[in-house]
Amino acid sequence: MRTTAPGGATPRVVAVVFAALAALLLSLPSLAPPARAAAGLPVAGGLHVAGGKLVEGNGSPFVMRGVNHAHTWYASRTPQALSDIKALGANTVRVVLSTGDRWAKNDTADVANVVAQCKRDRLICVLEAHDTTGYGEQGGAITLSRAADYWISVRAALAGQESYVVVNLGNEPYGNTGATAWTADTKAAIRKLRTAGIHHALMADAPNWGQDWGFTMRDNAASVLAADPDRNTVFSVHMYGVFDTAAEVKDYLTRFANAQLPLVVGEFGHNHSDGNPDEDAIMANAQALGVGYLGWSWSGNSGGVEYLDMATGFNAAALTGWGQRIFKGANGIGSTSREATVYHS
């Protein structure tokens with residue numbers, strides 16, 4: 001999510017599909033634990049990619065169904081927010097953190113506390129560094145390399161949490177300027193984390209303010225996954241005004257599914273200033289294809305996008321129309337979410 005409202009509709013680009021690229025995408029395997037060991041890859045002990053999907057350490061598929069919570073700006077609200085989000089049926093929460101470059105840093109102790117709270121509420125915790133938002137276009141935004149340095153600085157809070165935590169490299173790490181650099185920069189950030197000993201499932205947000213209208217992530221995801229020494233990266237698209245028709249939603253999600261590339265809709269809304277996303281199509285297609293989704297956001301939005309609040313004033317008893325839709329509507333969290341099996345042992 002942008003930290004300021006978009007100034008206008010995002011341009012659309014007609015993608016050219018190359019047969020050779022399609023063949024490459026389809027041919028790259030996602031390795032289950034025995035095959036990973038045979039290939040010389042680390043054997044995943046927690047959440048990991050296998051068969052083009054995110055699975056748990058025991059091999060059970062895990063499909064994210066949850067929402068975003070802006071912890072870095074509303075830390076005092078986090079304990080109750082996570083409890084309320086869980087009570088409404090979510091199995092995952094994506095937590096906004098700051099590297100300290102644009103907002104106050106969420107340090108190791110704070111990150112450890114967030115992880116503990118997620119575990120208390122039996123939620124999978126996707127931790128994201130927000131300071132990368134709109135790099136190249138928004139003042140003060142940092143590089144993915146700098147975000148990787150942040151994750152390394154708080155790795156003590158991540159150690160041993162591979163079954164419970166996904167590390168989201170950086171939120172919307174490019175605007176629309178210079179977005180093609182996303183591929184090389186994402187590969188480099190992943191390698192930096194692996195070299196530092198961080199072997200969690202990673203999540204890579206798309207460029208173009210997360211919406212990938214230029215298809216940089218879509219067309220390069222296979223090479224990014226192949227460049228991860230652990231082959232343990234999930235891709236995340238944010239669906240706002242670019243995805244305002246069912247056909248666009250289905251096409252994007254289906255291409256990843258057909259290529260056996262792991263994808264999550266890391267943010268989406270029911271409305272936006274850059275267009276009217278088709279939330280019904282997003283949720284229906286995600287459910288049909290086994291794709292995770294994380295709606296934006298629980299509460300506390302400002303800057304003209306207050307309509308994206310799911311709960312009025314962080315009050316779970318006062319769900320907005322958007323909150324009612326995502327938690328209680330067709331293909332919503334309440335009817336499709338399944339708790340991670342790690343909490344059943």
# chains A, B, ... in the order shown; residues from 1 in each chain; ligands from 1

$ residues_around --residues "Arg194 in chain A" --least-positions-apart "5" --cutoff "12 Å" --atoms "only C-alpha atoms" --output "number ranges by chain"
A: 41-42, 148-149, 151-152, 155, 167, 187-189, 199-202, 227-233

$ write_last_selection --atoms "C-alpha atoms" --output "short mmCIF file (atom, residue, chain, number, x, y, z; two decimals), in the first residue's frame"
data_model
loop_
_atom_site.label_atom_id
_atom_site.label_comp_id
_atom_site.auth_asym_id
_atom_site.auth_seq_id
_atom_site.Cartn_x
_atom_site.Cartn_y
_atom_site.Cartn_z
CA LEU A 41 19.59 -27.52 -1.08
CA PRO A 42 18.84 -26.90 2.60
CA ALA A 148 18.06 -6.79 3.57
CA ASP A 149 20.50 -5.14 5.97
CA TRP A 151 16.47 -8.11 8.27
CA ILE A 152 20.02 -9.15 9.06
CA ARG A 155 17.78 -11.85 12.65
CA VAL A 167 10.09 -12.50 5.60
CA LYS A 187 18.01 -11.57 -6.58
CA ALA A 188 20.80 -9.69 -4.80
CA ALA A 189 18.69 -9.09 -1.68
CA HIS A 199 16.60 -19.51 5.54
CA HIS A 200 12.97 -18.55 6.08
CA ALA A 201 10.46 -18.52 3.28
CA LEU A 202 10.89 -15.13 1.66
CA ALA A 227 18.57 -17.56 -8.10
CA ASP A 228 17.47 -18.23 -4.51
CA PRO A 229 19.96 -20.78 -3.16
CA ASP A 230 17.12 -22.26 -1.07
CA ARG A 231 14.48 -22.09 -3.87
CA ASN A 232 12.21 -20.72 -1.15
CA THR A 233 10.73 -17.46 -2.40
#

$ select_by_dssp --residues "range 196-276 of chain A" --states "alpha helix (DSSP H)" --output "PyMOL selection string"
chain A and resi 216-227+246-258

$ write_last_selection --atoms "N, CA, C and O atoms" --output "compact mmCIF listing (two decimals), in the first residue's frame"
# COMPACT_ATOMS: atom_id res chain seq x y z
N THR A 216 7.04 -7.03 -14.95
CA THR A 216 8.44 -7.34 -14.62
C THR A 216 8.53 -8.56 -13.72
O THR A 216 9.35 -9.46 -13.95
N MET A 217 7.72 -8.60 -12.68
CA MET A 217 7.76 -9.75 -11.78
C MET A 217 7.21 -10.99 -12.46
O MET A 217 7.82 -12.07 -12.39
N ARG A 218 6.10 -10.84 -13.12
CA ARG A 218 5.48 -12.01 -13.77
C ARG A 218 6.45 -12.69 -14.73
O ARG A 218 6.57 -13.92 -14.75
N ASP A 219 7.17 -11.91 -15.51
CA ASP A 219 8.02 -12.47 -16.55
C ASP A 219 9.42 -12.85 -16.07
O ASP A 219 10.18 -13.47 -16.82
N ASN A 220 9.75 -12.49 -14.83
CA ASN A 220 11.08 -12.80 -14.30
C ASN A 220 11.04 -13.59 -13.00
O ASN A 220 12.10 -13.88 -12.43
N ALA A 221 9.86 -13.96 -12.56
CA ALA A 221 9.74 -14.67 -11.28
C ALA A 221 10.51 -15.99 -11.30
O ALA A 221 11.14 -16.36 -10.30
N ALA A 222 10.46 -16.71 -12.41
CA ALA A 222 11.15 -18.00 -12.48
C ALA A 222 12.65 -17.84 -12.28
O ALA A 222 13.28 -18.63 -11.56
N SER A 223 13.22 -16.81 -12.87
CA SER A 223 14.67 -16.63 -12.73
C SER A 223 15.02 -16.17 -11.32
O SER A 223 16.09 -16.51 -10.80
N VAL A 224 14.13 -15.41 -10.68
CA VAL A 224 14.37 -14.99 -9.30
C VAL A 224 14.32 -16.20 -8.37
O VAL A 224 15.18 -16.38 -7.50
N LEU A 225 13.33 -17.07 -8.56
CA LEU A 225 13.24 -18.27 -7.73
C LEU A 225 14.47 -19.15 -7.94
O LEU A 225 15.03 -19.69 -6.97
N ALA A 226 14.90 -19.29 -9.17
CA ALA A 226 16.07 -20.11 -9.46
C ALA A 226 17.34 -19.53 -8.85
O ALA A 226 18.28 -20.28 -8.53
N ALA A 227 17.39 -18.21 -8.67
CA ALA A 227 18.57 -17.56 -8.10
C ALA A 227 18.61 -17.65 -6.58
O ALA A 227 19.65 -17.35 -5.97
N ALA A 246 -12.44 -8.95 -14.03
CA ALA A 246 -12.24 -10.36 -13.69
C ALA A 246 -11.23 -11.01 -14.62
O ALA A 246 -10.45 -11.87 -14.21
N ALA A 247 -11.24 -10.59 -15.89
CA ALA A 247 -10.33 -11.19 -16.87
C ALA A 247 -8.88 -10.92 -16.51
O ALA A 247 -8.01 -11.80 -16.61
N GLU A 248 -8.58 -9.69 -16.08
CA GLU A 248 -7.20 -9.34 -15.71
C GLU A 248 -6.76 -10.11 -14.48
O GLU A 248 -5.62 -10.60 -14.41
N VAL A 249 -7.64 -10.21 -13.51
CA VAL A 249 -7.32 -10.94 -12.29
C VAL A 249 -7.03 -12.40 -12.60
O VAL A 249 -6.00 -12.96 -12.21
N LYS A 250 -7.94 -13.02 -13.34
CA LYS A 250 -7.79 -14.45 -13.65
C LYS A 250 -6.53 -14.71 -14.46
O LYS A 250 -5.80 -15.67 -14.21
N ASP A 251 -6.26 -13.86 -15.45
CA ASP A 251 -5.09 -14.06 -16.29
C ASP A 251 -3.81 -14.02 -15.47
O ASP A 251 -2.93 -14.88 -15.61
N TYR A 252 -3.69 -13.02 -14.60
CA TYR A 252 -2.46 -12.87 -13.83
C TYR A 252 -2.24 -14.06 -12.89
O TYR A 252 -1.16 -14.66 -12.86
N LEU A 253 -3.27 -14.41 -12.13
CA LEU A 253 -3.13 -15.50 -11.18
C LEU A 253 -2.90 -16.84 -11.88
O LEU A 253 -2.08 -17.65 -11.43
N THR A 254 -3.59 -17.04 -12.99
CA THR A 254 -3.49 -18.32 -13.70
C THR A 254 -2.11 -18.53 -14.30
O THR A 254 -1.59 -19.65 -14.33
N ARG A 255 -1.48 -17.45 -14.77
CA ARG A 255 -0.14 -17.59 -15.35
C ARG A 255 0.87 -18.11 -14.32
O ARG A 255 1.72 -18.95 -14.63
N PHE A 256 0.77 -17.63 -13.09
CA PHE A 256 1.65 -18.13 -12.05
C PHE A 256 1.33 -19.58 -11.71
O PHE A 256 2.22 -20.41 -11.55
N ALA A 257 0.04 -19.88 -11.61
CA ALA A 257 -0.35 -21.25 -11.29
C ALA A 257 0.11 -22.23 -12.37
O ALA A 257 0.65 -23.30 -12.06
N ASN A 258 -0.06 -21.86 -13.62
CA ASN A 258 0.34 -22.74 -14.73
C ASN A 258 1.85 -22.94 -14.78
O ASN A 258 2.34 -23.99 -15.20

$ closest_residue --among "A:Pro262, A:Ile282, A:Cys118, A:Gly197" --to "Met239 in chain A" --atoms "only C-alpha atoms"
A:Ile282

$ closest_residue --among "A:Tyr343, A:Trp298, A:Tyr240, A:Tyr293" --to "Asn271 in chain A" --atoms "only C-alpha atoms"
A:Tyr240

$ residues_around --residues "Asn176 in chain A" --least-positions-apart "5" --cutoff "8 Å" --atoms "only C-alpha atoms" --output "mmCIF file with N, CA, C and O atoms, in the first residue's frame"
data_model
loop_
_atom_site.group_PDB
_atom_site.id
_atom_site.type_symbol
_atom_site.label_atom_id
_atom_site.label_comp_id
_atom_site.auth_asym_id
_atom_site.auth_seq_id
_atom_site.Cartn_x
_atom_site.Cartn_y
_atom_site.Cartn_z
ATOM 1 N N GLY A 134 7.798 2.398 -3.112
ATOM 2 C CA GLY A 134 7.924 3.373 -4.191
ATOM 3 C C GLY A 134 9.325 3.849 -4.465
ATOM 4 O O GLY A 134 9.521 4.966 -4.973
ATOM 5 N N GLY A 136 12.652 4.908 -6.084
ATOM 6 C CA GLY A 136 12.856 5.474 -7.417
ATOM 7 C C GLY A 136 11.853 6.540 -7.774
ATOM 8 O O GLY A 136 12.037 7.283 -8.741
ATOM 9 N N GLU A 137 10.809 6.624 -6.979
ATOM 10 C CA GLU A 137 9.739 7.576 -7.289
ATOM 11 C C GLU A 137 9.280 8.352 -6.063
ATOM 12 O O GLU A 137 8.878 9.502 -6.178
ATOM 13 N N PRO A 207 7.147 -4.777 -8.395
ATOM 14 C CA PRO A 207 7.346 -3.339 -8.605
ATOM 15 C C PRO A 207 6.049 -2.703 -9.101
ATOM 16 O O PRO A 207 4.985 -3.312 -9.034
ATOM 17 N N ASN A 208 6.164 -1.454 -9.636
ATOM 18 C CA ASN A 208 4.969 -0.707 -10.077
ATOM 19 C C ASN A 208 3.997 -0.533 -8.914
ATOM 20 O O ASN A 208 2.812 -0.817 -9.031
ATOM 21 N N TRP A 209 4.535 -0.103 -7.772
ATOM 22 C CA TRP A 209 3.728 0.063 -6.566
ATOM 23 C C TRP A 209 3.015 -1.247 -6.211
ATOM 24 O O TRP A 209 1.886 -1.256 -5.740
#

$ residues_around --residues "Thr99 in chain A" --least-positions-apart "5" --cutoff "7 Å" --atoms "only C-alpha atoms" --output "PDB file with N, CA, C and O atoms, in the first residue's frame"
ATOM      1  N   LYS A 105      12.343   2.881  13.885  1.00  0.00           N
ATOM      2  CA  LYS A 105      12.736   1.495  13.652  1.00  0.00           C
ATOM      3  C   LYS A 105      12.036   0.532  14.600  1.00  0.00           C
ATOM      4  O   LYS A 105      11.953   0.766  15.810  1.00  0.00           O
ATOM      5  N   ASN A 106      11.562  -0.568  14.042  1.00  0.00           N
ATOM      6  CA  ASN A 106      11.100  -1.687  14.857  1.00  0.00           C
ATOM      7  C   ASN A 106      12.310  -2.583  15.092  1.00  0.00           C
ATOM      8  O   ASN A 106      12.773  -3.282  14.188  1.00  0.00           O
ATOM      9  N   ALA A 129       9.075  -4.988   5.452  1.00  0.00           N
ATOM     10  CA  ALA A 129       9.786  -3.718   5.641  1.00  0.00           C
ATOM     11  C   ALA A 129       9.146  -2.679   4.727  1.00  0.00           C
ATOM     12  O   ALA A 129       9.233  -2.778   3.508  1.00  0.00           O
ATOM     13  N   ASP A 131       9.747   0.614   4.338  1.00  0.00           N
ATOM     14  CA  ASP A 131      10.512   1.785   3.912  1.00  0.00           C
ATOM     15  C   ASP A 131      10.932   1.748   2.439  1.00  0.00           C
ATOM     16  O   ASP A 131      11.393   2.749   1.899  1.00  0.00           O
ATOM     17  N   ALA A 147      17.011  -2.817   2.839  1.00  0.00           N
ATOM     18  CA  ALA A 147      16.025  -3.588   3.592  1.00  0.00           C
ATOM     19  C   ALA A 147      16.610  -4.922   4.042  1.00  0.00           C
ATOM     20  O   ALA A 147      16.349  -5.381   5.162  1.00  0.00           O
ATOM     21  N   TYR A 150      18.456  -4.532   7.109  1.00  0.00           N
ATOM     22  CA  TYR A 150      17.563  -4.470   8.274  1.00  0.00           C
ATOM     23  C   TYR A 150      17.216  -5.867   8.769  1.00  0.00           C
ATOM     24  O   TYR A 150      17.292  -6.159   9.974  1.00  0.00           O
TER      25      TYR A 150
END

$ residues_around --residues "Ala87 in chain A" --least-positions-apart "4" --cutoff "9 Å" --atoms "only C-alpha atoms" --output "list in words"
Leu82, Ser83 and Asp121 of chain A

$ closest_residue --among "A:Leu294, A:Val237, A:Arg94, A:Ala179" --to "Gly214 in chain A" --atoms "only C-alpha atoms"
A:Ala179

$ atom_distance --atom1 "CA of Ala90 in chain A" --atom2 "CA of His238 in chain A"
18.6 Å

$ atom_distance --atom1 "CA of Arg102 in chain A" --atom2 "CA of Val114 in chain A"
19.9 Å

$ residues_around --residues "Gly313 in chain A" --least-positions-apart "5" --cutoff "9 Å" --atoms "only C-alpha atoms" --output "ChimeraX atom specification"
/A:299-300,318

$ write_last_selection --atoms "N, CA, C and O atoms" --output "PDB file, in the first residue's frame"
ATOM      1  N   SER A 299      -7.134  -1.532  10.154  1.00  0.00           N
ATOM      2  CA  SER A 299      -7.653  -0.228  10.572  1.00  0.00           C
ATOM      3  C   SER A 299      -6.518   0.778  10.589  1.00  0.00           C
ATOM      4  O   SER A 299      -5.347   0.415  10.524  1.00  0.00           O
ATOM      5  N   GLY A 300      -6.876   2.074  10.647  1.00  0.00           N
ATOM      6  CA  GLY A 300      -5.875   3.122  10.788  1.00  0.00           C
ATOM      7  C   GLY A 300      -5.431   3.780   9.500  1.00  0.00           C
ATOM      8  O   GLY A 300      -4.472   4.549   9.497  1.00  0.00           O
ATOM      9  N   ALA A 318     -17.278  -3.304  15.030  1.00  0.00           N
ATOM     10  CA  ALA A 318     -17.766  -2.285  14.089  1.00  0.00           C
ATOM     11  C   ALA A 318     -17.072  -2.470  12.747  1.00  0.00           C
ATOM     12  O   ALA A 318     -16.364  -1.590  12.263  1.00  0.00           O
TER      13      ALA A 318
END

$ decode --residues "range 308-327 of chain A" --atoms "C-alpha atoms" --output "JSON list (two decimals), in the first residue's frame"
[["chain", "number", "residue", "atom", "x", "y", "z"],
["A", 308, "LEU", "CA", -9.84, 0.66, 3.21],
["A", 309, "ASP", "CA", -10.33, 0.21, 6.96],
["A", 310, "MET", "CA", -11.96, -3.13, 7.76],
["A", 311, "ALA", "CA", -12.73, -2.18, 11.35],
["A", 312, "THR", "CA", -13.83, 1.28, 12.40],
["A", 313, "GLY", "CA", -11.37, 2.64, 14.96],
["A", 314, "PHE", "CA", -9.82, -0.81, 15.50],
["A", 315, "ASN", "CA", -13.15, -2.03, 16.85],
["A", 316, "ALA", "CA", -13.87, -5.59, 15.73],
["A", 317, "ALA", "CA", -17.52, -5.10, 16.66],
["A", 318, "ALA", "CA", -17.77, -2.28, 14.09],
["A", 319, "LEU", "CA", -16.71, -3.88, 10.83],
["A", 320, "THR", "CA", -17.04, -1.67, 7.76],
["A", 321, "GLY", "CA", -18.58, -2.87, 4.53],
["A", 322, "TRP", "CA", -15.11, -3.89, 3.38],
["A", 323, "GLY", "CA", -14.53, -5.75, 6.63],
["A", 324, "GLN", "CA", -17.82, -7.57, 6.30],
["A", 325, "ARG", "CA", -16.99, -8.50, 2.70],
["A", 326, "ILE", "CA", -13.52, -9.94, 3.28],
["A", 327, "PHE", "CA", -14.27, -11.79, 6.49]]
